[in-house]
Every structure is written in C-alpha cells, then in structure tokens.
file final.pdb (PDB, C-alpha atoms)
ATOM      1  CA  MET M   1      72.855 -11.947  19.534  1.00  0.00           C
ATOM      2  CA  GLU M   2      74.486  -8.507  19.596  1.00  0.00           C
ATOM      3  CA  PHE M   3      74.571  -6.176  16.600  1.00  0.00           C
ATOM      4  CA  HIS M   4      76.365  -2.991  15.667  1.00  0.00           C
ATOM      5  CA  ILE M   5      74.217  -0.633  13.617  1.00  0.00           C
ATOM      6  CA  SER M   6      76.003   2.103  11.719  1.00  0.00           C
ATOM      7  CA  CYS M   7      73.921   4.838  10.105  1.00  0.00           C
ATOM      8  CA  HIS M   8      74.812   7.750   7.895  1.00  0.00           C
ATOM      9  CA  HIS M   9      72.703  10.463   6.361  1.00  0.00           C
ATOM     10  CA  THR M  10      73.252  13.791   4.667  1.00  0.00           C
ATOM     11  CA  PRO M  11      72.205  17.214   5.908  1.00  0.00           C
ATOM     12  CA  ASN M  12      69.407  17.114   3.322  1.00  0.00           C
ATOM     13  CA  ASN M  13      67.778  14.020   4.833  1.00  0.00           C
ATOM     14  CA  CYS M  14      68.581  14.665   8.487  1.00  0.00           C
ATOM     15  CA  GLY M  15      65.657  13.784  10.773  1.00  0.00           C
ATOM     16  CA  VAL M  16      66.266  16.921  12.834  1.00  0.00           C
ATOM     17  CA  HIS M  17      65.128  19.001   9.885  1.00  0.00           C
ATOM     18  CA  ARG M  18      62.104  16.913   8.826  1.00  0.00           C
ATOM     19  CA  HIS M  19      58.861  18.461  10.029  1.00  0.00           C
ATOM     20  CA  GLU M  20      55.198  18.022   9.230  1.00  0.00           C
ATOM     21  CA  PRO M  21      53.340  20.861   7.450  1.00  0.00           C
ATOM     22  CA  ASP M  22      51.984  22.032  10.829  1.00  0.00           C
ATOM     23  CA  GLY M  23      55.566  22.437  12.129  1.00  0.00           C
ATOM     24  CA  THR M  24      55.595  19.387  14.407  1.00  0.00           C
ATOM     25  CA  ARG M  25      58.517  16.978  14.188  1.00  0.00           C
ATOM     26  CA  SER M  26      58.183  14.208  11.630  1.00  0.00           C
ATOM     27  CA  PRO M  27      56.853  10.923  13.041  1.00  0.00           C
ATOM     28  CA  ASN M  28      59.817   9.302  11.276  1.00  0.00           C
ATOM     29  CA  ALA M  29      62.213  10.987  13.707  1.00  0.00           C
ATOM     30  CA  VAL M  30      63.373   8.909  16.687  1.00  0.00           C
ATOM     31  CA  PRO M  31      64.122  11.280  19.577  1.00  0.00           C
ATOM     32  CA  ASN M  32      65.173   8.528  22.016  1.00  0.00           C
ATOM     33  CA  TRP M  33      66.792   5.334  20.704  1.00  0.00           C
ATOM     34  CA  ALA M  34      66.662   3.486  24.040  1.00  0.00           C
ATOM     35  CA  GLU M  35      62.887   3.977  24.197  1.00  0.00           C
ATOM     36  CA  HIS M  36      62.453   3.092  20.520  1.00  0.00           C
ATOM     37  CA  CYS M  37      64.415  -0.138  21.059  1.00  0.00           C
ATOM     38  CA  LYS M  38      62.132  -1.039  23.954  1.00  0.00           C
ATOM     39  CA  GLU M  39      59.034  -0.359  21.822  1.00  0.00           C
ATOM     40  CA  VAL M  40      60.147  -2.834  19.130  1.00  0.00           C
ATOM     41  CA  GLY M  41      61.471  -5.444  21.590  1.00  0.00           C
ATOM     42  CA  VAL M  42      65.218  -4.910  21.076  1.00  0.00           C
ATOM     43  CA  THR M  43      67.663  -4.500  23.967  1.00  0.00           C
ATOM     44  CA  TYR M  44      69.553  -1.210  23.731  1.00  0.00           C
ATOM     45  CA  ILE M  45      73.181  -1.538  24.864  1.00  0.00           C
ATOM     46  CA  LYS M  46      74.793   1.734  23.837  1.00  0.00           C
ATOM     47  CA  GLY M  47      74.657   4.314  21.092  1.00  0.00           C
ATOM     48  CA  GLY M  48      76.101   7.574  19.962  1.00  0.00           C
ATOM     49  CA  VAL M  49      76.268  10.206  17.291  1.00  0.00           C
ATOM     50  CA  ASN M  50      78.868  12.253  15.494  1.00  0.00           C
ATOM     51  CA  ALA M  51      76.535  15.090  14.558  1.00  0.00           C
ATOM     52  CA  PRO M  52      78.893  17.103  12.315  1.00  0.00           C
ATOM     53  CA  GLN M  53      79.370  14.027  10.113  1.00  0.00           C
ATOM     54  CA  HIS M  54      75.726  12.900  10.423  1.00  0.00           C
ATOM     55  CA  ASN M  55      76.865   9.441  11.627  1.00  0.00           C
ATOM     56  CA  HIS M  56      75.020   7.421  14.265  1.00  0.00           C
ATOM     57  CA  PHE M  57      75.797   4.070  15.841  1.00  0.00           C
ATOM     58  CA  LEU M  58      73.975   1.631  18.094  1.00  0.00           C
ATOM     59  CA  PHE M  59      74.862  -1.579  19.858  1.00  0.00           C
ATOM     60  CA  VAL M  60      71.739  -3.678  20.394  1.00  0.00           C
ATOM     61  CA  GLU M  61      70.769  -7.240  21.236  1.00  0.00           C
ATOM     62  CA  THR M  62      67.980  -9.382  19.807  1.00  0.00           C
ATOM     63  CA  ASP M  63      67.327 -12.952  18.685  1.00  0.00           C
ATOM     64  CA  ASP M  64      64.895 -11.809  15.995  1.00  0.00           C
ATOM     65  CA  MET M  65      66.347 -10.149  12.886  1.00  0.00           C
ATOM     66  CA  ALA M  66      62.890  -8.853  11.897  1.00  0.00           C
ATOM     67  CA  LYS M  67      62.989  -6.607  14.956  1.00  0.00           C
ATOM     68  CA  LEU M  68      66.094  -4.910  13.569  1.00  0.00           C
ATOM     69  CA  ARG M  69      64.154  -3.987  10.447  1.00  0.00           C
ATOM     70  CA  ASN M  70      61.351  -2.642  12.626  1.00  0.00           C
ATOM     71  CA  LEU M  71      63.911  -0.714  14.676  1.00  0.00           C
ATOM     72  CA  MET M  72      65.349   1.065  11.658  1.00  0.00           C
ATOM     73  CA  GLN M  73      62.071   1.427   9.727  1.00  0.00           C
ATOM     74  CA  PRO M  74      61.668   5.151  10.515  1.00  0.00           C
ATOM     75  CA  TYR M  75      64.843   5.855   8.532  1.00  0.00           C
ATOM     76  CA  GLN M  76      64.684   3.285   5.749  1.00  0.00           C
ATOM     77  CA  GLY M  77      64.965   5.147   2.501  1.00  0.00           C
ATOM     78  CA  TYR M  78      66.494   8.209   4.190  1.00  0.00           C
ATOM     79  CA  TRP M  79      69.679   6.869   5.777  1.00  0.00           C
ATOM     80  CA  ASP M  80      72.338   4.357   4.785  1.00  0.00           C
ATOM     81  CA  VAL M  81      72.108   1.634   7.445  1.00  0.00           C
ATOM     82  CA  ILE M  82      74.640  -1.159   7.982  1.00  0.00           C
ATOM     83  CA  ILE M  83      73.826  -3.904  10.510  1.00  0.00           C
ATOM     84  CA  THR M  84      76.692  -6.188  11.537  1.00  0.00           C
ATOM     85  CA  PRO M  85      76.618  -9.086  14.016  1.00  0.00           C
ATOM     86  CA  VAL M  86      79.042  -8.637  16.911  1.00  0.00           C
ATOM     87  CA  MET M  87      81.049 -11.662  18.034  1.00  0.00           C
ATOM     88  CA  ASP M  88      83.416 -12.150  20.942  1.00  0.00           C
ATOM     89  CA  LEU M  89      86.829 -12.903  19.422  1.00  0.00           C
ATOM     90  CA  LYS M  90      88.368 -14.462  22.530  1.00  0.00           C
TER      91      LYS M  90
END
call {"tool": "encode", "arguments": {"input": "final.pdb", "output": "structure tokens"}}
result
Amino acid sequence: MEFHISCHHTPNNCGVHRHEPDGTRSPNAVPNWAEHCKEVGVTYIKGGVNAPQHNHFLFVETDDMAKLRNLMQPYQGYWDVIITPVMDLK
C-alpha cells in the first residue's frame, strides 16, 4: 500500500540544527530519505521539502504499518507527522 507522509517542524526543532556536544550531526537526523527507507524495509517513491516553511513530504510503499513508525522514529517527538494512505480514485 502507498502512503503520503507529511511532516512539519519549527526552526527550533529542525534536524539541520541538532548536533551532538562534539559538533557532529545528531543521529536523529536523516540525511538521505531514500537510504533510510531502504534500511527500514520501506519502498521510497518520491519526496521533497519546502525548506523555508520547514515542511517535508514523502510518498512510500509498504505492507507493514510498523515499518512506517520505524521510518519516522528519528523525528517522533520533534516533528508533527501525518501519515495518510494513498488510493487510486479511478
């Protein structure tokens, strides 16, 4: 099944700005969504970002809803995440 994932965050909780005390990027940050999808067993279809508004979106495919939770785990508690099933309305 295909899903649309819409994410929003504020400048204060933006992953770009979260760093470890030693200056390295936070392990919660996902630098490449296609690779992260592959790691958790979700098929990446397409994604994008509207950086000035701190909005992200993904289209993914999976038959296991638990994998969607794993996919978004790095940002749970930081971002507002909405996951919606996508259906063909033919």
call {"tool": "residues_around", "arguments": {"input": "final.pdb", "residues": "Ala34 in chain M", "least_positions_apart": "4", "cutoff": "10 Å", "atoms": "all atoms listed in the file", "output": "MDAnalysis selection string"}}
result
chainID M and resid 30 38:39 42:47 58 60
call {"tool": "atom_distance", "arguments": {"input": "final.pdb", "atom1": "CA of Pro31 in chain M", "atom2": "CA of Phe3 in chain M"}}
result
20.6 Å
call {"tool": "closest_residue", "arguments": {"input": "final.pdb", "among": "M:Leu68, M:Cys7, M:Cys14, M:Ile83", "to": "Gly41 in chain M", "atoms": "only C-alpha atoms"}}
result
M:Leu68
call {"tool": "closest_residue", "arguments": {"input": "final.pdb", "among": "M:Gly23, M:Pro74, M:Pro11, M:Pro85", "to": "Asn55 in chain M", "atoms": "all atoms listed in the file"}}
result
M:Pro11
call {"tool": "axis_aligned_box", "arguments": {"input": "final.pdb", "around": "range 50-55 of chain M", "padding_each_side": "8 Å", "output": "AutoDock Vina command-line options"}}
result
--center_x 77.5 --center_y 13.3 --center_z 12.8 --size_x 19.6 --size_y 23.7 --size_z 21.4
call {"tool": "atom_distance", "arguments": {"input": "final.pdb", "atom1": "CA of Glu61 in chain M", "atom2": "CA of Leu89 in chain M"}}
result
17.1 Å
call {"tool": "resolve_selection", "arguments": {"input": "final.pdb", "expression": "the PyMOL selection byres ((chain M and resi 9) around 9)", "output": "PyMOL selection string"}}
result
chain M and resi 7-8+10-15+53-56+78-81
call {"tool": "resolve_selection", "arguments": {"input": "final.pdb", "expression": "the PyMOL selection byres ((chain M and resi 71) around 8)", "output": "PyMOL selection string"}}
result
chain M and resi 36-37+40+42+67-70+72-74
call {"tool": "resolve_selection", "arguments": {"input": "final.pdb", "expression": "the PyMOL selection byres ((chain M and resi 63) around 6)", "output": "compact mmCIF listing (two decimals) with C-alpha atoms, in the coordinates of the input"}}
result
# COMPACT_ATOMS: atom_id res chain seq x y z
CA MET M 1 72.86 -11.95 19.53
CA THR M 62 67.98 -9.38 19.81
CA ASP M 64 64.90 -11.81 16.00
